[in-house]
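Okay, work15.txt now, which holds compact mmCIF, C-alpha atoms and all ligand atoms:
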```
# COMPACT_ATOMS: atom_id res chain seq x y z
CA MET P 1157 49.31 84.01 66.41
CA THR P 1158 51.62 86.67 65.02
CA GLU P 1159 52.53 89.67 67.21
CA LEU P 1160 49.39 91.22 68.73
CA ASN P 1161 48.73 94.72 67.41
CA ALA P 1162 45.94 97.11 66.40
CA LYS P 1163 44.93 94.87 63.49
CA THR P 1164 44.65 91.62 65.45
CA ARG P 1165 41.29 89.86 64.97
CA LEU P 1166 39.89 88.01 67.95
CA CYS P 1167 38.12 84.65 68.10
CA GLY P 1168 37.20 82.68 71.18
CA LEU P 1169 35.32 79.90 72.86
CA ILE P 1170 32.18 80.38 74.95
CA GLY P 1171 30.95 77.63 77.25
CA ASN P 1172 31.18 76.48 80.82
CA PRO P 1173 33.71 75.20 81.74
CA VAL P 1174 36.28 76.29 79.12
CA SER P 1175 39.53 76.36 81.06
CA HIS P 1176 40.70 72.89 79.95
CA SER P 1177 39.96 73.47 76.27
CA VAL P 1178 42.53 72.56 73.65
CA SER P 1179 40.96 74.95 71.10
CA PRO P 1180 43.35 77.86 71.89
CA LEU P 1181 46.26 75.57 71.06
CA ILE P 1182 44.68 74.53 67.72
CA HIS P 1183 43.77 78.03 66.55
CA ASN P 1184 46.81 79.94 67.76
CA GLN P 1185 49.08 77.31 66.19
CA LEU P 1186 47.19 77.60 62.87
CA SER P 1187 47.59 81.38 62.97
CA ARG P 1188 51.33 81.02 63.62
CA MET P 1189 51.73 78.57 60.75
CA LEU P 1190 49.60 80.52 58.28
CA GLY P 1191 50.89 83.94 59.36
CA ILE P 1192 47.38 85.19 60.11
CA ASN P 1193 46.93 88.03 62.60
CA MET P 1194 44.31 86.36 64.79
CA ALA P 1195 44.23 85.49 68.48
CA TYR P 1196 42.00 82.91 70.17
CA VAL P 1197 41.01 82.94 73.84
CA THR P 1198 38.39 81.34 76.10
CA PHE P 1199 35.37 83.07 77.64
CA PRO P 1200 33.52 81.31 80.48
CA VAL P 1201 29.84 82.24 80.01
CA GLU P 1202 26.93 81.39 82.32
CA GLU P 1203 23.61 80.26 80.85
CA GLN P 1204 21.78 83.51 81.69
CA ASP P 1205 24.49 85.53 79.89
CA VAL P 1206 24.43 83.76 76.50
CA GLU P 1207 22.40 86.46 74.75
CA ALA P 1208 24.58 89.27 76.15
CA ALA P 1209 27.73 87.34 75.21
CA VAL P 1210 26.69 86.83 71.55
CA LYS P 1211 25.43 90.40 71.13
CA GLY P 1212 28.45 91.83 72.98
CA ALA P 1213 30.86 89.82 70.85
CA PHE P 1214 29.21 91.16 67.70
CA ALA P 1215 29.33 94.72 69.03
CA LEU P 1216 33.06 94.25 69.64
CA ASN P 1217 33.50 93.02 66.06
CA ILE P 1218 34.81 89.66 67.23
CA LEU P 1219 35.50 87.59 64.12
CA GLY P 1220 34.14 84.30 65.35
CA LEU P 1221 33.21 82.15 68.30
CA ASN P 1222 33.24 78.49 69.08
CA VAL P 1223 30.44 77.32 71.33
CA THR P 1224 30.70 74.38 73.67
CA VAL P 1225 28.64 72.69 76.37
CA PRO P 1226 26.12 73.78 77.61
CA HIS P 1227 25.36 76.54 75.06
CA LYS P 1228 25.27 74.73 71.68
CA GLN P 1229 21.47 74.98 71.53
CA SER P 1230 20.84 78.13 73.55
CA VAL P 1231 22.88 80.43 71.24
CA ILE P 1232 20.62 79.67 68.26
CA PRO P 1233 17.93 82.34 68.92
CA TYR P 1234 20.63 85.05 68.81
CA LEU P 1235 22.00 84.21 65.37
CA ALA P 1236 21.34 86.15 62.16
CA ASP P 1237 21.53 82.97 60.07
CA ILE P 1238 22.14 79.25 60.46
CA ASP P 1239 23.54 76.56 58.20
CA ALA P 1240 20.97 73.94 57.07
CA ILE P 1241 22.34 70.84 58.78
CA ALA P 1242 23.15 72.75 62.00
CA LYS P 1243 19.54 73.94 62.02
CA ALA P 1244 18.17 70.44 61.53
CA VAL P 1245 20.42 69.04 64.28
CA GLY P 1246 19.53 71.98 66.53
CA ALA P 1247 23.10 72.60 67.66
CA VAL P 1248 25.89 74.94 66.57
CA ASN P 1249 29.50 75.05 67.67
CA THR P 1250 30.84 77.82 65.40
CA LEU P 1251 29.66 81.40 64.85
CA VAL P 1252 30.97 83.39 61.93
CA HIS P 1253 30.75 87.20 61.79
CA THR P 1254 28.53 88.45 58.94
CA GLU P 1255 27.15 91.87 58.15
CA ASN P 1256 23.97 91.50 60.21
CA GLY P 1257 25.08 89.20 63.01
CA TYR P 1258 26.62 85.77 63.42
CA LYS P 1259 25.90 82.79 61.19
CA GLY P 1260 25.92 79.47 63.02
CA TYR P 1261 27.56 76.27 61.75
CA ASN P 1262 28.19 72.83 63.18
CA THR P 1263 31.80 71.87 62.52
CA ASP P 1264 31.47 68.92 64.92
CA ILE P 1265 29.67 67.35 61.96
CA THR P 1266 32.01 68.46 59.18
CA GLY P 1267 35.00 67.79 61.45
CA PHE P 1268 33.85 64.27 62.21
CA HIS P 1269 33.33 63.68 58.48
CA ARG P 1270 36.84 64.90 57.65
CA SER P 1271 38.35 62.81 60.43
CA LEU P 1272 36.77 59.69 58.92
CA MET P 1273 38.02 60.63 55.45
CA ASP P 1274 41.47 61.22 56.89
CA GLU P 1275 41.42 57.67 58.28
CA HIS P 1276 39.97 56.27 55.00
CA ILE P 1277 36.78 55.17 56.77
CA ALA P 1278 33.76 55.07 54.43
CA ILE P 1279 30.14 55.90 55.31
CA GLU P 1280 28.31 55.34 52.03
CA GLY P 1281 26.69 51.91 51.84
CA GLU P 1282 27.99 50.95 55.29
CA GLN P 1283 26.19 49.06 58.03
CA VAL P 1284 26.77 51.18 61.11
CA ILE P 1285 26.29 50.73 64.85
CA LEU P 1286 26.05 54.03 66.71
CA LEU P 1287 26.39 53.64 70.49
CA GLY P 1288 24.77 56.41 72.56
CA ALA P 1289 22.05 58.95 71.79
CA GLY P 1290 23.29 62.21 73.34
CA GLY P 1291 24.27 65.46 71.63
CA ALA P 1292 27.32 64.07 69.84
CA SER P 1293 25.44 61.03 68.59
CA ARG P 1294 22.65 63.23 67.22
CA ALA P 1295 25.09 65.25 65.10
CA ILE P 1296 26.82 62.09 63.84
CA ALA P 1297 23.47 60.42 63.04
CA PHE P 1298 22.57 63.30 60.70
CA LEU P 1299 25.94 62.99 58.96
CA LEU P 1300 25.58 59.20 58.54
CA GLY P 1301 22.11 59.69 57.09
CA ARG P 1302 23.19 62.45 54.72
CA GLU P 1303 26.27 60.57 53.52
CA GLY P 1304 24.32 57.46 52.58
CA ALA P 1305 24.99 54.88 55.30
CA LYS P 1306 22.93 51.77 54.44
CA THR P 1307 21.52 51.24 57.94
CA VAL P 1308 22.42 52.82 61.27
CA TYR P 1309 21.55 50.77 64.35
CA LEU P 1310 21.31 53.38 67.08
CA LEU P 1311 21.76 51.66 70.43
CA ASN P 1312 21.10 53.52 73.66
CA ARG P 1313 20.36 52.78 77.29
CA SER P 1314 17.19 54.93 77.02
CA VAL P 1315 15.50 53.91 73.75
CA LYS P 1316 13.33 57.04 73.75
CA ASN P 1317 16.37 59.25 73.02
CA ALA P 1318 17.35 56.96 70.13
CA GLU P 1319 13.80 57.12 68.74
CA ASP P 1320 13.82 60.91 68.85
CA ILE P 1321 17.05 61.05 66.82
CA ALA P 1322 15.72 58.47 64.31
CA GLN P 1323 12.61 60.59 63.76
CA ALA P 1324 14.57 63.84 63.34
CA VAL P 1325 16.99 62.30 60.82
CA LYS P 1326 14.10 60.78 58.87
CA SER P 1327 12.40 64.16 58.50
CA TYR P 1328 15.68 65.74 57.40
CA ILE P 1329 16.77 63.22 54.75
CA GLY P 1330 13.37 61.72 53.89
CA ARG P 1331 14.64 58.16 54.32
CA ASP P 1332 14.25 55.71 57.17
CA VAL P 1333 17.89 54.92 57.85
CA ILE P 1334 18.17 54.87 61.66
CA VAL P 1335 16.94 51.84 63.60
CA PRO P 1336 16.60 52.70 67.30
CA MET P 1337 17.33 49.86 69.72
CA ALA P 1338 17.94 49.29 73.42
CA LEU P 1339 21.61 48.86 74.23
CA MET P 1340 21.01 45.43 75.70
CA GLU P 1341 19.51 44.24 72.42
CA TYR P 1342 22.90 44.20 70.72
CA ARG P 1343 22.77 40.40 70.47
CA ASN P 1344 19.81 40.77 68.07
CA LEU P 1345 21.76 42.79 65.49
CA PRO P 1346 21.83 41.20 62.02
CA ASN P 1347 24.90 39.04 61.56
CA GLU P 1348 27.02 41.47 59.52
CA ARG P 1349 30.30 43.38 59.81
CA TYR P 1350 29.93 46.91 61.09
CA LEU P 1351 31.49 50.31 61.40
CA CYS P 1352 30.84 51.04 65.11
CA ILE P 1353 30.91 54.59 66.49
CA GLN P 1354 31.08 54.95 70.29
CA THR P 1355 29.62 58.24 71.56
CA THR P 1356 28.67 57.47 75.18
CA SER P 1357 30.66 58.89 78.07
CA VAL P 1358 31.49 55.37 79.27
CA GLY P 1359 35.28 54.83 79.35
CA LEU P 1360 36.14 58.50 79.78
CA HIS P 1361 39.08 59.15 82.13
CA PRO P 1362 39.30 58.33 85.07
CA HIS P 1363 37.03 55.35 84.25
CA ASP P 1364 39.52 54.08 81.67
CA ASN P 1365 38.59 50.44 82.10
CA ASP P 1366 34.84 50.83 81.54
CA VAL P 1367 33.20 49.95 78.24
CA VAL P 1368 29.59 50.29 77.18
CA ILE P 1369 29.30 46.72 75.80
CA ASP P 1370 31.45 44.31 77.77
CA ASP P 1371 31.21 41.22 75.59
CA GLU P 1372 34.00 39.93 73.33
CA SER P 1373 31.54 38.37 70.86
CA PHE P 1374 30.14 41.83 70.01
CA TYR P 1375 33.51 43.13 68.81
CA LYS P 1376 33.96 40.24 66.35
CA ARG P 1377 31.34 41.99 64.21
CA VAL P 1378 33.17 45.32 64.21
CA HIS P 1379 35.57 45.90 61.31
CA THR P 1380 36.24 49.50 62.38
CA GLY P 1381 35.64 51.14 65.76
CA VAL P 1382 35.62 54.90 66.24
CA ASP P 1383 35.52 56.24 69.80
CA ILE P 1384 34.83 59.97 70.09
CA ILE P 1385 36.68 59.93 73.45
CA TYR P 1386 40.35 60.97 73.28
CA ASN P 1387 41.18 60.81 76.99
CA PRO P 1388 42.43 58.12 77.48
CA TYR P 1389 44.20 58.05 74.10
CA GLU P 1390 43.31 54.38 73.74
CA THR P 1391 39.96 53.55 75.35
CA ARG P 1392 38.86 50.12 76.51
CA PHE P 1393 36.40 50.15 73.55
CA MET P 1394 39.32 50.61 71.16
CA LYS P 1395 41.26 47.83 72.90
CA GLU P 1396 38.33 45.44 72.46
CA VAL P 1397 38.03 46.33 68.75
CA LYS P 1398 41.76 45.73 68.24
CA LYS P 1399 41.65 42.44 70.16
CA ALA P 1400 39.03 41.27 67.64
CA LYS P 1401 41.38 42.34 64.77
CA GLY P 1402 39.43 45.49 63.88
CA LYS P 1403 40.79 48.96 63.14
CA ALA P 1404 40.32 51.43 66.02
CA VAL P 1405 40.60 55.23 66.16
CA ASN P 1406 39.96 57.76 68.92
CA GLY P 1407 38.28 61.17 68.89
CA MET P 1408 41.34 63.38 68.65
CA LYS P 1409 41.13 63.75 64.87
CA MET P 1410 37.48 64.82 65.23
CA LEU P 1411 38.60 67.49 67.66
CA LEU P 1412 41.36 68.58 65.28
CA TRP P 1413 39.14 68.82 62.20
CA GLN P 1414 36.24 70.60 63.92
CA GLY P 1415 38.79 73.27 64.84
CA VAL P 1416 40.33 73.39 61.38
CA ALA P 1417 36.87 73.71 59.78
CA ALA P 1418 35.98 76.63 62.08
CA TYR P 1419 39.34 78.30 61.38
CA GLU P 1420 38.74 78.01 57.64
CA LEU P 1421 35.28 79.57 57.93
CA TRP P 1422 36.58 82.53 59.93
CA ASN P 1423 39.63 83.27 57.82
CA ASN P 1424 38.48 82.16 54.39
CA VAL P 1425 41.55 79.97 53.91
CA SER P 1426 42.10 76.27 53.41
CA VAL P 1427 44.38 74.41 55.76
CA SER P 1428 46.51 71.71 54.14
CA LYS P 1429 46.71 68.13 55.38
CA GLU P 1430 50.34 68.73 56.37
CA GLN P 1431 49.44 71.82 58.41
CA ALA P 1432 46.61 69.93 60.11
CA GLN P 1433 48.99 67.06 60.84
CA ALA P 1434 51.44 69.47 62.50
CA VAL P 1435 48.64 70.74 64.77
CA TYR P 1436 47.66 67.15 65.51
CA GLU P 1437 51.20 66.31 66.67
CA LEU P 1438 51.07 69.26 69.05
CA MET P 1439 47.67 68.16 70.42
CA LYS P 1440 48.98 64.63 70.91
CA ARG P 1441 51.90 65.95 72.93
CA LYS P 1442 49.58 68.04 75.08
CA LEU P 1443 46.74 65.49 75.51
CA GLY P 1444 48.13 62.10 74.57
P1 LIG G 1501 27.37 64.09 74.51
O1 LIG G 1501 26.84 65.47 74.32
O2 LIG G 1501 28.86 64.00 74.62
O3 LIG G 1501 26.84 63.15 73.49
P2 LIG G 1501 25.42 63.37 76.50
O4 LIG G 1501 24.43 64.15 75.70
O5 LIG G 1501 25.50 63.59 77.97
O6 LIG G 1501 26.89 63.61 75.95
O7 LIG G 1501 25.18 61.81 76.19
C1 LIG G 1501 25.77 60.81 76.92
C2 LIG G 1501 25.44 59.44 76.31
O8 LIG G 1501 26.12 58.44 77.07
C3 LIG G 1501 23.96 59.09 76.32
O9 LIG G 1501 23.67 58.30 75.21
C4 LIG G 1501 23.85 58.23 77.61
O10 LIG G 1501 22.80 57.31 77.60
P3 LIG G 1501 21.29 57.76 78.10
O11 LIG G 1501 20.68 58.57 76.97
O12 LIG G 1501 20.59 56.48 78.30
O13 LIG G 1501 21.50 58.56 79.35
C5 LIG G 1501 25.16 57.48 77.52
N1 LIG G 1501 25.59 56.94 78.81
C6 LIG G 1501 26.12 57.62 79.85
N2 LIG G 1501 26.42 56.77 80.86
C7 LIG G 1501 26.06 55.52 80.44
C8 LIG G 1501 26.12 54.21 81.02
N3 LIG G 1501 26.63 54.02 82.24
N4 LIG G 1501 25.70 53.17 80.29
C9 LIG G 1501 25.19 53.36 79.05
N5 LIG G 1501 25.11 54.56 78.45
C10 LIG G 1501 25.53 55.64 79.13
```
Would you mind writing the structure in this file as structure tokens?
Ligand code: ATR
Amino acid sequence: MTELNAKTRLCGLIGNPVSHSVSPLIHNQLSRMLGINMAYVTFPVEEQDVEAAVKGAFALNILGLNVTVPHKQSVIPYLADIDAIAKAVGAVNTLVHTENGYKGYNTDITGFHRSLMDEHIAIEGEQVILLGAGGASRAIAFLLGREGAKTVYLLNRSVKNAEDIAQAVKSYIGRDVIVPMALMEYRNLPNERYLCIQTTSVGLHPHDNDVVIDDESFYKRVHTGVDIIYNPYETRFMKEVKKAKGKAVNGMKMLLWQGVAAYELWNNVSVSKEQAQAVYELMKRKLG
């Protein structure tokens, strides 16, 4: 953020709650580094006010919004346009000001993709285990399908949710790539080495010692483990992966890159790896 003045453009986050968000730190730091006259703040918005919030923001010529829980689906009817993959997933987290209204994007998806690339983790041709079938898993499942994962075993406590995601991804990419399974069936997975992505809320602070699959033999099949949790910085899932000699990463890079991707859309700039790394160091100090 440079000095606020009559030319300052505003962006912000709508959701509920928003007061613990790290997004202001990401965006205001990017503006400082790039010398862009933009400020980023948070707006707590109740469910019944989503329409008024989106229309009001547009009326105020607000440059862009991020959208978080619980509004990622409910903003969609109030958009002028929506990106193809965000539409298929049915969730947006970034609104970009256009002539006729906001266009919705899902930078949770592009951000997750960039975080994997940053860590040199491949998707194409990979055997993947995806743990959990909530909102985050759904977005990641579409990415894995689109980027050519060989097979994605989608394991969830409630199989029905996994089946719904498998069906939606199949209609989007026209290929049967997701295999829905009950979490407890993990012992029946083909004997291969996997990229395993952990998207359940199990292990989130203050339940640091919980893990969704508590069985050492499972982790021997995992060459790389990605946990989308970043608090704690090293989850029990990551510890188990490392114990079995796998590579483990947390969700902080996903958080970083979803922010960077939104910032780039709003300001029509590209953020360098070095600039992103500087923001990451700041996030680590604040959250890690
Ligand atoms: P998000 O939007 O972050 O993905 P979510 O939509 O609330 O969050 O999804 C939470 C995920 O964690 C779901 O897959 C949930 O499993 P169910 O679909 O069976 O509810 C999973 N989850 C939460 N607590 C769990 C537990 N104790 N054991 C196994 N899975 C759990």
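Atom pair atom CA of Leu1443 of chain P / atom CA of Asn1387 of chain P has a distance of 7.4 Å (rounded to one decimal).
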message = Just want the 7 Å neighbourhood of segment 1230-1243 of chain P, counted on all atoms listed in the file, with same-chain residues fewer than 3 positions away dropped. Output as a PyMOL selection string.
response = chain P and resi 1206-1207+1210+1227+1246-1248+1256-1262
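Across P:Met1189, P:Met1337, P:Met1439, P:Ala1213, the tightest approach to ligand LIG 1501 (chain G) is made by P:Met1337 when counting only C-alpha atoms and all ligand atoms.
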message = Let me see if you get this right: every residue at most 7 Å from ligand LIG 1501 (chain G), counting all atoms listed in the file, written as number ranges by chain.
response = P: 1288-1293, 1312-1314, 1317, 1355-1358, 1368
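Interatomic distance, atom CA of Glu1303 of chain P against atom CA of Asp1274 of chain P: 15.6 Å.
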Mind checking which residues fall within 12 Å of Val1325 of chain P, counting only C-alpha atoms, ignoring those fewer than 2 positions away in the same chain, and posting them as a PDB file with C-alpha atoms, in the coordinates of the input?
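part-v8.pdb written:
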```pdb
ATOM      1  CA  ILE P1241      22.340  70.840  58.780  1.00  0.00           C
ATOM      2  CA  LYS P1243      19.540  73.940  62.020  1.00  0.00           C
ATOM      3  CA  ALA P1244      18.170  70.440  61.530  1.00  0.00           C
ATOM      4  CA  VAL P1245      20.420  69.040  64.280  1.00  0.00           C
ATOM      5  CA  GLY P1246      19.530  71.980  66.530  1.00  0.00           C
ATOM      6  CA  SER P1293      25.440  61.030  68.590  1.00  0.00           C
ATOM      7  CA  ARG P1294      22.650  63.230  67.220  1.00  0.00           C
ATOM      8  CA  ALA P1295      25.090  65.250  65.100  1.00  0.00           C
ATOM      9  CA  ILE P1296      26.820  62.090  63.840  1.00  0.00           C
ATOM     10  CA  ALA P1297      23.470  60.420  63.040  1.00  0.00           C
ATOM     11  CA  PHE P1298      22.570  63.300  60.700  1.00  0.00           C
ATOM     12  CA  LEU P1299      25.940  62.990  58.960  1.00  0.00           C
ATOM     13  CA  LEU P1300      25.580  59.200  58.540  1.00  0.00           C
ATOM     14  CA  GLY P1301      22.110  59.690  57.090  1.00  0.00           C
ATOM     15  CA  ARG P1302      23.190  62.450  54.720  1.00  0.00           C
ATOM     16  CA  GLU P1303      26.270  60.570  53.520  1.00  0.00           C
ATOM     17  CA  VAL P1308      22.420  52.820  61.270  1.00  0.00           C
ATOM     18  CA  LEU P1310      21.310  53.380  67.080  1.00  0.00           C
ATOM     19  CA  ALA P1318      17.350  56.960  70.130  1.00  0.00           C
ATOM     20  CA  GLU P1319      13.800  57.120  68.740  1.00  0.00           C
ATOM     21  CA  ASP P1320      13.820  60.910  68.850  1.00  0.00           C
ATOM     22  CA  ILE P1321      17.050  61.050  66.820  1.00  0.00           C
ATOM     23  CA  ALA P1322      15.720  58.470  64.310  1.00  0.00           C
ATOM     24  CA  GLN P1323      12.610  60.590  63.760  1.00  0.00           C
ATOM     25  CA  SER P1327      12.400  64.160  58.500  1.00  0.00           C
ATOM     26  CA  TYR P1328      15.680  65.740  57.400  1.00  0.00           C
ATOM     27  CA  ILE P1329      16.770  63.220  54.750  1.00  0.00           C
ATOM     28  CA  GLY P1330      13.370  61.720  53.890  1.00  0.00           C
ATOM     29  CA  ARG P1331      14.640  58.160  54.320  1.00  0.00           C
ATOM     30  CA  ASP P1332      14.250  55.710  57.170  1.00  0.00           C
ATOM     31  CA  VAL P1333      17.890  54.920  57.850  1.00  0.00           C
ATOM     32  CA  ILE P1334      18.170  54.870  61.660  1.00  0.00           C
ATOM     33  CA  VAL P1335      16.940  51.840  63.600  1.00  0.00           C
ATOM     34  CA  PRO P1336      16.600  52.700  67.300  1.00  0.00           C
TER      35      PRO P1336
END
```
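With distances taken over all atoms listed in the file, P:Leu1411 is the one residue among P:Leu1411, P:Arg1441, P:Val1425, P:Gly1381 lying closest to Ile1265 of chain P.
Taking atom CA of Gly1359 of chain P as the reference point, atom CA of Tyr1386 of chain P is found at 10.0 Å.
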message = What's around Gln1283 of chain P at 6 Å? Count all atoms listed in the file, leave out sequence neighbours fewer than 2 positions away in its own chain, and write the answer as a list in words.
response = Lys1306, Thr1307 and Tyr1350 of chain P
Write out as CSV the residues of segment 1207-1273 of chain P that have any atom within 7 Å of an atom of segment 1158-1172 of chain P, one row each with the nearest atom pair and its distance in Å to one decimal, counting all atoms listed in the file, sorted by chain and then rising number.
```
residue,atom,partner,partner_atom,distance
P:Ile1218,CA,P:Leu1166,CA,5.4
P:Leu1219,CA,P:Cys1167,CA,5.6
P:Gly1220,CA,P:Cys1167,CA,4.9
P:Leu1221,CA,P:Gly1168,CA,4.9
P:Asn1222,CA,P:Leu1169,CA,4.5
P:Val1223,CA,P:Ile1170,CA,5.0
P:Thr1224,CA,P:Gly1171,CA,4.8
P:Val1225,CA,P:Gly1171,CA,5.5
P:Pro1226,CA,P:Gly1171,CA,6.2
P:His1227,CA,P:Gly1171,CA,6.1
```
List the spatial neighbours of Thr1380 of chain P as a short mmCIF file (atom, residue, chain, number, x, y, z; two decimals) with C-alpha atoms, in the coordinates of the input - criterion: any atom at most 9 Å away, all atoms listed in the file, same-chain residues fewer than 4 positions off excluded.
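result.cif, written as the output of this step:
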```cif
data_model
loop_
_atom_site.label_atom_id
_atom_site.label_comp_id
_atom_site.auth_asym_id
_atom_site.auth_seq_id
_atom_site.Cartn_x
_atom_site.Cartn_y
_atom_site.Cartn_z
CA ILE P 1277 36.78 55.17 56.77
CA ARG P 1349 30.30 43.38 59.81
CA TYR P 1350 29.93 46.91 61.09
CA LEU P 1351 31.49 50.31 61.40
CA CYS P 1352 30.84 51.04 65.11
CA ILE P 1353 30.91 54.59 66.49
CA VAL P 1397 38.03 46.33 68.75
CA LYS P 1398 41.76 45.73 68.24
CA GLY P 1402 39.43 45.49 63.88
CA LYS P 1403 40.79 48.96 63.14
CA ALA P 1404 40.32 51.43 66.02
CA VAL P 1405 40.60 55.23 66.16
#
```
query = Restricting the calculation to only C-alpha atoms, which member of P:Leu1339, P:Ile1279, P:Val1174, P:Val1367 is positioned closest to Ala1305 of chain P?
reply = P:Ile1279
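Around the coordinate (50.3, 77.3, 62.5), residues that reach within 10 Å when counting only C-alpha atoms are Met1157, Thr1158, Leu1181, Ile1182, His1183, Asn1184, Gln1185, Leu1186, Ser1187, Arg1188, Met1189, Leu1190, Gly1191, Ile1192, Val1427, Gln1431, Ala1432, Ala1434 and Val1435 of chain P.
Residues of protein, DNA and RNA with at least one atom no farther than 10 Å from (34.7, 65.0, 61.7) are, using only C-alpha atoms, Thr1263, Asp1264, Ile1265, Thr1266, Gly1267, Phe1268, His1269, Arg1270, Ser1271, Leu1272, Met1273, Asp1274, Ile1296, Leu1299, Ile1384, Gly1407, Met1408, Lys1409, Met1410, Leu1411, Leu1412, Trp1413, Gln1414, Gly1415 and Ala1417 of chain P.
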Within 10 Å of Glu1396 of chain P using all atoms listed in the file, minus same-chain residues under 5 positions, as a PDB file with C-alpha atoms, in the coordinates of the input:
```pdb
ATOM      1  CA  VAL P1367      33.200  49.950  78.240  1.00  0.00           C
ATOM      2  CA  ILE P1369      29.300  46.720  75.800  1.00  0.00           C
ATOM      3  CA  ASP P1370      31.450  44.310  77.770  1.00  0.00           C
ATOM      4  CA  ASP P1371      31.210  41.220  75.590  1.00  0.00           C
ATOM      5  CA  GLU P1372      34.000  39.930  73.330  1.00  0.00           C
ATOM      6  CA  SER P1373      31.540  38.370  70.860  1.00  0.00           C
ATOM      7  CA  PHE P1374      30.140  41.830  70.010  1.00  0.00           C
ATOM      8  CA  TYR P1375      33.510  43.130  68.810  1.00  0.00           C
ATOM      9  CA  LYS P1376      33.960  40.240  66.350  1.00  0.00           C
ATOM     10  CA  VAL P1378      33.170  45.320  64.210  1.00  0.00           C
ATOM     11  CA  GLY P1381      35.640  51.140  65.760  1.00  0.00           C
ATOM     12  CA  THR P1391      39.960  53.550  75.350  1.00  0.00           C
ATOM     13  CA  LYS P1401      41.380  42.340  64.770  1.00  0.00           C
ATOM     14  CA  GLY P1402      39.430  45.490  63.880  1.00  0.00           C
ATOM     15  CA  ALA P1404      40.320  51.430  66.020  1.00  0.00           C
TER      16      ALA P1404
END
```
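Closest to Leu1286 of chain P among P:Gln1354, P:Pro1346, P:Glu1390, P:Met1194 is P:Gln1354, based on only C-alpha atoms.
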